[in-house]
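S.K.: Encoded as structure tokens, here's the structure I'll be asking about.
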Amino acid sequence: MRRLFTALIILLVVLAAGMSALVLLINPNDFRDYMVRQVEARTGYRLTLSGELRWHVWPQLSILSGGMSLSAPGAAVPVVSAENMRLDVKLWPLLSHQLEIRQVMLKDAVVRLTTESEARKAASVPIAPAGSPEPETDSRWHFDLGRVEIVDSLLVFQRGDSPPINVRDINLTMESVGQRQVQAAFSSRINRDQRELSFAMKARLDMQAYPQQVAMNIASLDYQLQGAGVPPEGIRGQGSMQVNYQRQPESVTIGSFSLTANNSALVGSASAVLGAVPDYQLTLKSERLDVDTLLGLTQKADGDAGKADKTTAAPVISREQTTEPDQALRDFRARVAVAADKLIYRGVTVDQFNLQGDNQRGKLDVSDFSGRLGDGRFSLPTTLEIGRVPAIIVSPLLQNIEVSQVLHILGLPDSLSGRLSLQGSLSGDALSLAALISQWRGKGSVQIEQLRLPVLNIQQLIQQAVARNNVGVQGQDSYSRFTEIRHIGAQAVLNRGQLQLQDVSGESDILALTGSGQFDLPAQQCDINLDVKVMKGWAGDEQMVQMLQDTAIPFRLYGDINNLNYQLQVDQLVRKRLQDELKKRLGEWSERIQQPSKG
């Protein structure tokens with residue numbers, strides 16, 4: 001045991017002496033010009049090292065450098081710059097004049113992918129024929145790189161005149177695991193518009209066709225989005241995907257896409273052909289897509305049913321908006337297909353949701369926007385064209401949709417029930433719920449089956465009012481607490497928040513009604529005027545009952561939608577009908593008296 005310990009001590013002393021001799025005999029600055037030449041020969045980029053290179057022995061043999069920068073030919077600013085660089089090298093290759101770098105580590109680096117950092121060729125420089133290899137300088141040194149590590153660094157990304165995106169706290173590790181195969185681990189965070197996106201991923205890169213093509217298999221991705229306009233708990237999830245980049249023509253393809261977001265899950269694919277006018281394609285499928293949790297929509301108490309709010313304030317943008325948001329649609333082409341087995345929006349569950357859209361530089365055609373609500377179905381094909389007035393046209397088709405669900409989505413009281421069918425055309429200039437209620441125009445045909453008005457029995461109100469006039473009739477002994485109409489139809493006209501119902505006609509076993517109405521949607525006020533016939537439930541004088549069954553009684557419903565008032569003109573109507581009936585009977589009696597006298 002003592003001999004083994006002694007041998008280990010001798011070995012450590014020899015290694016320490018050898019490394020000390022190496023540090024004394026070999027000057028790391030001798031490698032400076034070699035590294036600069038090799039980087040430029042192999043990549044075309046210019047490497048600049050500031051300060052003296054120095055050895056660092058423990059815990060591993062390394063070459064330390066001060067500031068460094070890597071610049072593309074003719075670029076105004078470097079692509080990569082760092083305050084400190086460390087090159088971990090292998091010991092034995094140095095003895096045979098080989099520089100084998102095990103790892104490159106950059107700390108506090110700044111990576112700029114902007115217009116100023118792009119390569120620019122001088123006009124006088126001749127262009128080599130296509131496919132010509134880059135010239136390499138002869139050297140007896142062997143260059144190898146196994147691992148790159150970037151710690152606590154910054155990426156500045158900018159395309160064209162768009163605002164730059166700063167990717168902060170970058171921690172990147174890239175390690176060679178085969179012939180032009182790289183294993184990478186990357187984590188960072190992005191701050192913009194008072195929001196923060198933090199993420200971490202592990203991926204494998206296939207660089208065999210680099211720089212023409214790069215394939216990346218992202219095995220795991222963890223992310224979290226927090227800040228303004230986002231739910232307090234944030235949006236977080238995991239994902240995986242296969243990404244392929246092609247340089248000419250420049251394009252990105254994403255396949256085997258899988259992503260979770262809170263309690264929603266998405267799978268699909270995407271592609272983008274970049275250029276002056278990018279062309280995007282996106283296909284997504286989901287078993288469950290909860291829009292409420294993604295947008296931060298929460299349902300209020302029962303007293304405010306149907307109104308949903310964002311729980312976090314939207315971001316305040318300090319810079320001036322030079323163009324309208326919809327103008328961005330002019331800058332690209334896109335095709336989108338989204339299918340969800342269940343979609344949840346404002347507390348309403350939509351089954352078999354489908355969306356098919358096509359944008360051609362500001363001319364948007366949504367050919368399919370459909371789904372099932374309970375036993376009913378809806379379809380909302382839409383067209384949008386920038387510069388046209390009106391810009392948006394929607395042709396809604398609703399079949400047997402529960403009325404309360406529609407009112408709930410629109411943020412109106414959902415106290416009514418029934419099966420709604422609607423077909424019409426709507427138009428507006430802004431695509432939002434607030435604009436739909438206050439600015440849009442349109443018309444359509446409305447049909448409602450089994451309409452029920454809660455806490456309001458029109459038959460009871462009319463019959464009790466008639467009975468109070470002591471005309472020899474009375475109503476039923478008991479009534480239900482609602483009005484039910486088997487079928488009601490109307491023509492609807494919407495004009496900037498004012499909804500008019502024309503040619504209203506409805507019927508049930510007890511009631512028959514006609515009339516018109518008007519709704520002020522922003523103020524949630526209504527004024528409905530109906531002529532109602534109560535055909536059943538009367539008892540008493542047969543002639544008076546027959547007269548009341550044939551009489552349309554004016555009934556007005558008006559006021560705040562949440563606190564309605566009614567007006568019933570029964571007294572005047574009954575008095576007038578009695579006077580008319582009395583005049584009629586007196587006339588008949590007079591005729592009977594006059595006929596015998598004439599004879």
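Naming works like this for the structure tokens: A, B, ... for the chains as they're shown, residue 1 at the start of each chain, ligands 1 onward in shown order.
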Could you write out, as a PyMOL selection string, all the residues of segment 204-447 of chain A that DSSP marks as strand (DSSP E)?
M.R.: chain A and resi 204-206+213-227+235-246+251-261+264-273+279-286+289-290+297-299+308-310+333-345+348-360+363-373+376-379+382-385+392-394+397-402+417-428+441-447
S.K.: Between atom CA of Arg42 of chain A and atom CA of Lys107 of chain A, what is the distance in Å, rounded to a tenth?
M.R.: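 Computing it gives 23.7 Å between the two atoms.
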S.K.: Between A:Val252, A:Val336, A:Leu295, A:Leu431, which has the minimum distance to Gln356 of chain A (counting only C-alpha atoms)?
M.R.: A:Val336
S.K.: Nearest residue to Ser286 of chain A out of A:Glu507, A:Gly255, A:Ala337, A:Asn191, using only C-alpha atoms?
M.R.: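 Of A:Glu507, A:Gly255, A:Ala337, A:Asn191, the one nearest Ser286 of chain A is A:Ala337, counting only C-alpha atoms.
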S.K.: Quick one: of A:Ser187, A:Ile448, A:Thr383, A:Asp368, who's nearest to Val403 of chain A, counting only C-alpha atoms?
M.R.: A:Ile448
S.K.: Residues at most 9 Å from Gln226 of chain A, counting only C-alpha atoms, excluding those fewer than 5 positions away in the same chain, as a ChimeraX atom specification?
M.R.: /A:194-198,231-236
S.K.: Those same residues, written as a PDB file, in the first residue's frame with all heavy atoms?
M.R.:
```pdb
ATOM      1  N   GLN A 194     -43.158  44.223 -21.887  1.00  0.00           N
ATOM      2  CA  GLN A 194     -43.519  43.906 -20.507  1.00  0.00           C
ATOM      3  C   GLN A 194     -43.882  42.437 -20.324  1.00  0.00           C
ATOM      4  O   GLN A 194     -44.625  42.062 -19.423  1.00  0.00           O
ATOM      5  CB  GLN A 194     -44.681  44.791 -20.035  1.00  0.00           C
ATOM      6  CG  GLN A 194     -44.379  46.283 -20.118  1.00  0.00           C
ATOM      7  CD  GLN A 194     -45.532  47.139 -19.675  1.00  0.00           C
ATOM      8  OE1 GLN A 194     -46.376  46.686 -18.904  1.00  0.00           O
ATOM      9  NE2 GLN A 194     -45.598  48.368 -20.144  1.00  0.00           N
ATOM     10  N   ARG A 195     -43.361  41.598 -21.197  1.00  0.00           N
ATOM     11  CA  ARG A 195     -43.538  40.153 -21.055  1.00  0.00           C
ATOM     12  C   ARG A 195     -42.171  39.485 -21.027  1.00  0.00           C
ATOM     13  O   ARG A 195     -41.212  39.996 -21.606  1.00  0.00           O
ATOM     14  CB  ARG A 195     -44.364  39.578 -22.211  1.00  0.00           C
ATOM     15  CG  ARG A 195     -45.762  40.137 -22.333  1.00  0.00           C
ATOM     16  CD  ARG A 195     -46.504  39.410 -23.435  1.00  0.00           C
ATOM     17  NE  ARG A 195     -47.834  39.929 -23.651  1.00  0.00           N
ATOM     18  CZ  ARG A 195     -48.152  40.822 -24.587  1.00  0.00           C
ATOM     19  NH1 ARG A 195     -47.213  41.278 -25.394  1.00  0.00           N
ATOM     20  NH2 ARG A 195     -49.388  41.254 -24.716  1.00  0.00           N
ATOM     21  N   GLU A 196     -42.095  38.334 -20.377  1.00  0.00           N
ATOM     22  CA  GLU A 196     -40.837  37.580 -20.318  1.00  0.00           C
ATOM     23  C   GLU A 196     -41.097  36.137 -20.690  1.00  0.00           C
ATOM     24  O   GLU A 196     -41.980  35.481 -20.131  1.00  0.00           O
ATOM     25  CB  GLU A 196     -40.219  37.652 -18.926  1.00  0.00           C
ATOM     26  CG  GLU A 196     -38.905  36.872 -18.829  1.00  0.00           C
ATOM     27  CD  GLU A 196     -38.260  36.974 -17.470  1.00  0.00           C
ATOM     28  OE1 GLU A 196     -37.652  38.021 -17.194  1.00  0.00           O
ATOM     29  OE2 GLU A 196     -38.381  36.012 -16.684  1.00  0.00           O
ATOM     30  N   LEU A 197     -40.322  35.641 -21.643  1.00  0.00           N
ATOM     31  CA  LEU A 197     -40.361  34.246 -22.061  1.00  0.00           C
ATOM     32  C   LEU A 197     -39.042  33.600 -21.676  1.00  0.00           C
ATOM     33  O   LEU A 197     -37.979  33.993 -22.168  1.00  0.00           O
ATOM     34  CB  LEU A 197     -40.578  34.138 -23.570  1.00  0.00           C
ATOM     35  CG  LEU A 197     -40.468  32.724 -24.168  1.00  0.00           C
ATOM     36  CD1 LEU A 197     -41.566  31.823 -23.615  1.00  0.00           C
ATOM     37  CD2 LEU A 197     -40.511  32.769 -25.689  1.00  0.00           C
ATOM     38  N   SER A 198     -39.096  32.632 -20.785  1.00  0.00           N
ATOM     39  CA  SER A 198     -37.908  31.869 -20.402  1.00  0.00           C
ATOM     40  C   SER A 198     -38.071  30.433 -20.892  1.00  0.00           C
ATOM     41  O   SER A 198     -39.178  29.877 -20.859  1.00  0.00           O
ATOM     42  CB  SER A 198     -37.723  31.896 -18.883  1.00  0.00           C
ATOM     43  OG  SER A 198     -38.872  31.381 -18.224  1.00  0.00           O
ATOM     44  N   PRO A 231     -52.139  35.412 -18.113  1.00  0.00           N
ATOM     45  CA  PRO A 231     -52.722  35.019 -16.822  1.00  0.00           C
ATOM     46  C   PRO A 231     -51.699  35.118 -15.691  1.00  0.00           C
ATOM     47  O   PRO A 231     -50.496  34.964 -15.917  1.00  0.00           O
ATOM     48  CB  PRO A 231     -53.147  33.559 -17.052  1.00  0.00           C
ATOM     49  CG  PRO A 231     -53.348  33.459 -18.522  1.00  0.00           C
ATOM     50  CD  PRO A 231     -52.372  34.398 -19.148  1.00  0.00           C
ATOM     51  N   PRO A 232     -52.153  35.403 -14.454  1.00  0.00           N
ATOM     52  CA  PRO A 232     -51.215  35.558 -13.333  1.00  0.00           C
ATOM     53  C   PRO A 232     -50.301  34.352 -13.145  1.00  0.00           C
ATOM     54  O   PRO A 232     -49.138  34.513 -12.779  1.00  0.00           O
ATOM     55  CB  PRO A 232     -52.147  35.752 -12.122  1.00  0.00           C
ATOM     56  CG  PRO A 232     -53.417  36.272 -12.690  1.00  0.00           C
ATOM     57  CD  PRO A 232     -53.557  35.648 -14.044  1.00  0.00           C
ATOM     58  N   GLU A 233     -50.832  33.151 -13.380  1.00  0.00           N
ATOM     59  CA  GLU A 233     -49.997  31.959 -13.230  1.00  0.00           C
ATOM     60  C   GLU A 233     -49.108  31.718 -14.438  1.00  0.00           C
ATOM     61  O   GLU A 233     -48.263  30.820 -14.434  1.00  0.00           O
ATOM     62  CB  GLU A 233     -50.867  30.725 -12.980  1.00  0.00           C
ATOM     63  CG  GLU A 233     -51.766  30.327 -14.147  1.00  0.00           C
ATOM     64  CD  GLU A 233     -53.069  31.092 -14.185  1.00  0.00           C
ATOM     65  OE1 GLU A 233     -53.195  32.074 -13.414  1.00  0.00           O
ATOM     66  OE2 GLU A 233     -53.947  30.717 -14.979  1.00  0.00           O
ATOM     67  N   GLY A 234     -49.266  32.538 -15.490  1.00  0.00           N
ATOM     68  CA  GLY A 234     -48.428  32.409 -16.674  1.00  0.00           C
ATOM     69  C   GLY A 234     -48.897  31.284 -17.591  1.00  0.00           C
ATOM     70  O   GLY A 234     -49.872  30.585 -17.328  1.00  0.00           O
ATOM     71  N   ILE A 235     -48.182  31.148 -18.685  1.00  0.00           N
ATOM     72  CA  ILE A 235     -48.407  30.048 -19.635  1.00  0.00           C
ATOM     73  C   ILE A 235     -47.135  29.231 -19.674  1.00  0.00           C
ATOM     74  O   ILE A 235     -46.056  29.756 -19.958  1.00  0.00           O
ATOM     75  CB  ILE A 235     -48.756  30.574 -21.038  1.00  0.00           C
ATOM     76  CG1 ILE A 235     -50.037  31.414 -20.996  1.00  0.00           C
ATOM     77  CG2 ILE A 235     -48.925  29.419 -22.019  1.00  0.00           C
ATOM     78  CD1 ILE A 235     -50.373  32.069 -22.318  1.00  0.00           C
ATOM     79  N   ARG A 236     -47.247  27.968 -19.391  1.00  0.00           N
ATOM     80  CA  ARG A 236     -46.061  27.106 -19.359  1.00  0.00           C
ATOM     81  C   ARG A 236     -46.382  25.752 -19.974  1.00  0.00           C
ATOM     82  O   ARG A 236     -47.549  25.355 -20.079  1.00  0.00           O
ATOM     83  CB  ARG A 236     -45.557  26.928 -17.932  1.00  0.00           C
ATOM     84  CG  ARG A 236     -46.534  26.197 -17.014  1.00  0.00           C
ATOM     85  CD  ARG A 236     -45.967  26.054 -15.617  1.00  0.00           C
ATOM     86  NE  ARG A 236     -45.807  27.353 -14.991  1.00  0.00           N
ATOM     87  CZ  ARG A 236     -45.117  27.543 -13.864  1.00  0.00           C
ATOM     88  NH1 ARG A 236     -44.513  26.524 -13.281  1.00  0.00           N
ATOM     89  NH2 ARG A 236     -45.038  28.748 -13.337  1.00  0.00           N
TER      90      ARG A 236
END
```
S.K.: One decimal, in Å: what's the spacing between atom CA of Ala203 of chain A and atom CA of Ala339 of chain A?
M.R.: 28.3 Å
S.K.: Contacts of segment 474-480 of chain A at 6 Å or less, counting only C-alpha atoms, minus same-chain residues fewer than 4 places along, as a list in words?
M.R.: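 Residues meeting the cut-off are Gln463, Ala467, Gly537, Trp538 and Ala539 of chain A.
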S.K.: Which residues come within 6 Å of segment 52-69 of chain A, counting only C-alpha atoms, excluding same-chain residues fewer than 2 positions away, as a list of chain:residue names?
M.R.: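 Listed by chain and then number, they are A:Pro28, A:Asn29, A:Leu47, A:Thr48, A:Leu49, A:Ser50, A:Val80, A:Ser81, A:Ala82, A:Glu83, A:Asn84, A:Met85, A:Arg86, A:Leu87, A:Asp88, A:Val89.
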S.K.: Near Asp222 of chain A, counting only C-alpha atoms, which residues have an atom at most 10 Å away, once you skip same-chain residues fewer than 4 positions from it, shown as an MDAnalysis selection string?
M.R.: chainID A and resid 187 198:202 236:240 259:260
S.K.: Fewer than 2 positions away in the same chain doesn't count, so skip those; otherwise give me all residues within 10 Å of Leu564 of chain A, counting only C-alpha atoms, as a list in words.
M.R.: Leu456, Gln525, Cys526, Asp527, Leu557, Tyr558, Gly559, Asp560, Ile561, Asn562 and Tyr566 of chain A
S.K.: I need the residues in segment 324-407 of chain A that are helix (DSSP H, G or I) according to DSSP; give them as a list in words.
M.R.: Pro325, Asp326, Gln327, Ala328, Leu329, Arg330, Asp331, Val403, Ser404, Gln405, Val406 and Leu407 of chain A
S.K.: Put those residues in a file: N, CA, C and O atoms, as a short mmCIF file (atom, residue, chain, number, x, y, z; two decimals), in the first residue's frame.
M.R.:
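The resulting file, part-v1.cif, is reproduced below:
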```cif
data_model
loop_
_atom_site.label_atom_id
_atom_site.label_comp_id
_atom_site.auth_asym_id
_atom_site.auth_seq_id
_atom_site.Cartn_x
_atom_site.Cartn_y
_atom_site.Cartn_z
N PRO A 325 -52.64 47.69 -37.11
CA PRO A 325 -52.24 46.30 -36.90
C PRO A 325 -52.57 45.40 -38.09
O PRO A 325 -51.80 44.50 -38.42
N ASP A 326 -53.73 45.63 -38.74
CA ASP A 326 -54.10 44.77 -39.86
C ASP A 326 -53.18 44.94 -41.06
O ASP A 326 -53.13 44.07 -41.93
N GLN A 327 -52.46 46.07 -41.13
CA GLN A 327 -51.57 46.30 -42.26
C GLN A 327 -50.46 45.27 -42.32
O GLN A 327 -49.87 45.04 -43.39
N ALA A 328 -50.13 44.65 -41.19
CA ALA A 328 -49.08 43.63 -41.19
C ALA A 328 -49.46 42.44 -42.06
O ALA A 328 -48.58 41.70 -42.51
N LEU A 329 -50.75 42.23 -42.32
CA LEU A 329 -51.17 41.12 -43.17
C LEU A 329 -50.67 41.29 -44.61
O LEU A 329 -50.60 40.31 -45.36
N ARG A 330 -50.33 42.52 -45.00
CA ARG A 330 -49.83 42.75 -46.36
C ARG A 330 -48.42 42.22 -46.56
O ARG A 330 -47.97 42.06 -47.70
N ASP A 331 -47.71 41.94 -45.47
CA ASP A 331 -46.29 41.63 -45.56
C ASP A 331 -46.00 40.15 -45.77
O ASP A 331 -44.82 39.77 -45.87
N VAL A 403 -79.64 29.65 -27.19
CA VAL A 403 -79.60 31.11 -27.13
C VAL A 403 -78.72 31.59 -25.99
O VAL A 403 -77.95 32.55 -26.14
N SER A 404 -78.80 30.96 -24.85
CA SER A 404 -78.03 31.42 -23.69
C SER A 404 -76.54 31.37 -23.94
O SER A 404 -75.78 32.22 -23.46
N GLN A 405 -76.07 30.39 -24.73
CA GLN A 405 -74.64 30.31 -25.03
C GLN A 405 -74.19 31.46 -25.93
O GLN A 405 -73.11 32.02 -25.73
N VAL A 406 -75.02 31.83 -26.90
CA VAL A 406 -74.68 32.95 -27.78
C VAL A 406 -74.62 34.24 -26.98
O VAL A 406 -73.68 35.05 -27.12
N LEU A 407 -75.61 34.48 -26.11
CA LEU A 407 -75.61 35.68 -25.28
C LEU A 407 -74.42 35.71 -24.34
O LEU A 407 -73.82 36.76 -24.09
#
```
S.K.: What does the structure give for the distance between atom CA of Gly489 of chain A and atom CA of Glu449 of chain A, in Å to one decimal?
M.R.: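 Result for atom CA of Gly489 of chain A versus atom CA of Glu449 of chain A: 8.8 Å, one decimal.
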